[in-house]
Amino acid sequence: CVYSEMLFSVVIVCCFYLEGFVARVARFVAHQCDWASVATISTHKPVAGQPFSNAFSVSDGPRGSSSGVPYMYLTRMEISVQDLEVNPVASLSMSLAQTDYCRQQGFDPQSPLCAHVILSGSVIEVNGTEAEFAKKALFSRHPEMIDWPSDHNWFFAKFNLTQVWVLDYFGGVKTVTPEEYFQASPYKQHY
């Protein structure tokens, strides 16, 4: 049993070096995760001008329908959203540590074997058909949102990514361009 697990790990390691696999890992993590840590530049004293991280529910689409775009349901009452109104640039981090995978494998959340991605970019409000998709994406995975107070003036937003950073194995971070990220599929492919 240990041998088969080791063999499986070796196969996984080899796969990380296949062309496009790192982008697939990024897309997979983004689709599996239901929340992210979003870091903004704070506009609030006493930490104005410093990084400020906050947890947000996200969805890149209903289960099995990944778009790769992290969508959020936001209110301007929220402290980090107030930061984003001044400066929309942010980073967004997601990790398989929020799934059962890393715990089942015995991987510490900080271990690179517990894959995580950091997206750089900006948060922008969406409307029209994209807002309809964001609504479907978020409400299908976060049904409680449907009943959140309407007087909070909720709106849909997306994370408009400019760079993708992937930590999925030892040896340091790997970067993926937005083009590579969006061309990749998070779903199992047969070679």
# chains A, B, ... in the order shown; residues from 1 in each chain; ligands from 1
call {"tool": "closest_atom_pairs", "arguments": {"of": "region 99-187 of chain A", "to": "region 88-91 of chain A", "cutoff": "6 Å", "atoms": "only C-alpha atoms", "output": "CSV"}}
result
residue,atom,partner,partner_atom,distance
A:Leu119,CA,A:Ser91,CA,5.5
A:Ser120,CA,A:Ser91,CA,4.5
A:Gly121,CA,A:Val89,CA,5.7
A:Ser122,CA,A:Val89,CA,4.2
A:Val123,CA,A:Pro88,CA,5.4
call {"tool": "residues_around", "arguments": {"residues": "Gln82 (chain A)", "least_positions_apart": "3", "cutoff": "12 Å", "atoms": "only C-alpha atoms", "output": "MDAnalysis selection string"}}
result
chainID A and resid 40:44 48 52 74:79 85:88 123
call {"tool": "atom_distance", "arguments": {"atom1": "CA of Val69 (chain A)", "atom2": "CA of Arg24 (chain A)"}}
result
13.8 Å
call {"tool": "residues_around", "arguments": {"residues": "region 177-185 of chain A", "least_positions_apart": "3", "cutoff": "7 Å", "atoms": "only C-alpha atoms", "output": "list of chain:residue names"}}
result
A:Gly20, A:Ala23, A:Arg24, A:Arg27, A:Gly68, A:Leu161, A:Thr162, A:Gln163, A:Val164
call {"tool": "write_last_selection", "arguments": {"atoms": "C-alpha atoms", "output": "PDB file, in the first residue's frame"}}
result
ATOM      1  CA  GLY A  20       0.227  23.287 -19.273  1.00  0.00           C
ATOM      2  CA  ALA A  23      -2.070  26.163 -15.301  1.00  0.00           C
ATOM      3  CA  ARG A  24      -4.432  23.193 -14.856  1.00  0.00           C
ATOM      4  CA  ARG A  27      -7.675  26.256 -12.480  1.00  0.00           C
ATOM      5  CA  GLY A  68     -11.669  30.427 -14.113  1.00  0.00           C
ATOM      6  CA  LEU A 161      -6.423  38.665 -12.914  1.00  0.00           C
ATOM      7  CA  THR A 162      -3.143  39.894 -14.375  1.00  0.00           C
ATOM      8  CA  GLN A 163      -0.804  37.207 -12.988  1.00  0.00           C
ATOM      9  CA  VAL A 164      -1.110  33.742 -11.464  1.00  0.00           C
TER      10      VAL A 164
END
call {"tool": "select_by_dssp", "arguments": {"residues": "region 1-168 of chain A", "states": "helix (DSSP H, G or I)", "output": "JSON, numbers by chain"}}
result
{"A": [2, 3, 4, 5, 6, 7, 8, 9, 10, 11, 12, 13, 14, 15, 21, 22, 23, 24, 25, 26, 27, 28, 29, 30, 31, 32, 79, 80, 81, 82, 83, 84, 85, 86, 96, 97, 98, 101, 102, 103, 104, 105, 128, 129, 130, 131, 132, 133, 134, 135, 136, 137, 138, 139, 140, 141, 143, 144, 145, 146, 147, 150, 151, 152]}
call {"tool": "decode", "arguments": {"residues": "region 71-84 of chain A", "atoms": "N, CA and C atoms", "output": "compact mmCIF listing (two decimals), in the first residue's frame"}}
result
# COMPACT_ATOMS: atom_id res chain seq x y z
N TYR A 71 -15.64 35.03 -8.88
CA TYR A 71 -16.70 36.02 -8.68
C TYR A 71 -16.98 36.18 -7.19
N MET A 72 -17.44 37.38 -6.81
CA MET A 72 -17.73 37.69 -5.41
C MET A 72 -19.04 38.47 -5.32
N TYR A 73 -19.67 38.39 -4.17
CA TYR A 73 -20.90 39.12 -3.87
C TYR A 73 -20.53 40.11 -2.77
N LEU A 74 -20.53 41.39 -3.08
CA LEU A 74 -19.95 42.40 -2.20
C LEU A 74 -20.93 43.49 -1.80
N THR A 75 -20.63 44.13 -0.70
CA THR A 75 -21.35 45.32 -0.26
C THR A 75 -20.33 46.41 0.07
N ARG A 76 -20.71 47.64 -0.22
CA ARG A 76 -19.81 48.76 0.06
C ARG A 76 -19.70 49.04 1.56
N MET A 77 -20.50 48.35 2.36
CA MET A 77 -20.40 48.47 3.81
C MET A 77 -19.17 47.73 4.34
N GLU A 78 -18.64 46.82 3.56
CA GLU A 78 -17.53 45.95 3.97
C GLU A 78 -16.22 46.73 3.90
N ILE A 79 -15.39 46.59 4.92
CA ILE A 79 -14.16 47.38 5.05
C ILE A 79 -13.20 47.19 3.86
N SER A 80 -13.02 45.96 3.39
CA SER A 80 -12.11 45.72 2.27
C SER A 80 -12.67 46.26 0.96
N VAL A 81 -13.98 46.24 0.82
CA VAL A 81 -14.60 46.80 -0.39
C VAL A 81 -14.38 48.31 -0.41
N GLN A 82 -14.39 48.94 0.74
CA GLN A 82 -14.08 50.37 0.82
C GLN A 82 -12.65 50.63 0.35
N ASP A 83 -11.74 49.74 0.71
CA ASP A 83 -10.36 49.85 0.21
C ASP A 83 -10.34 49.74 -1.31
N LEU A 84 -11.08 48.76 -1.84
CA LEU A 84 -11.10 48.52 -3.28
C LEU A 84 -11.69 49.68 -4.07
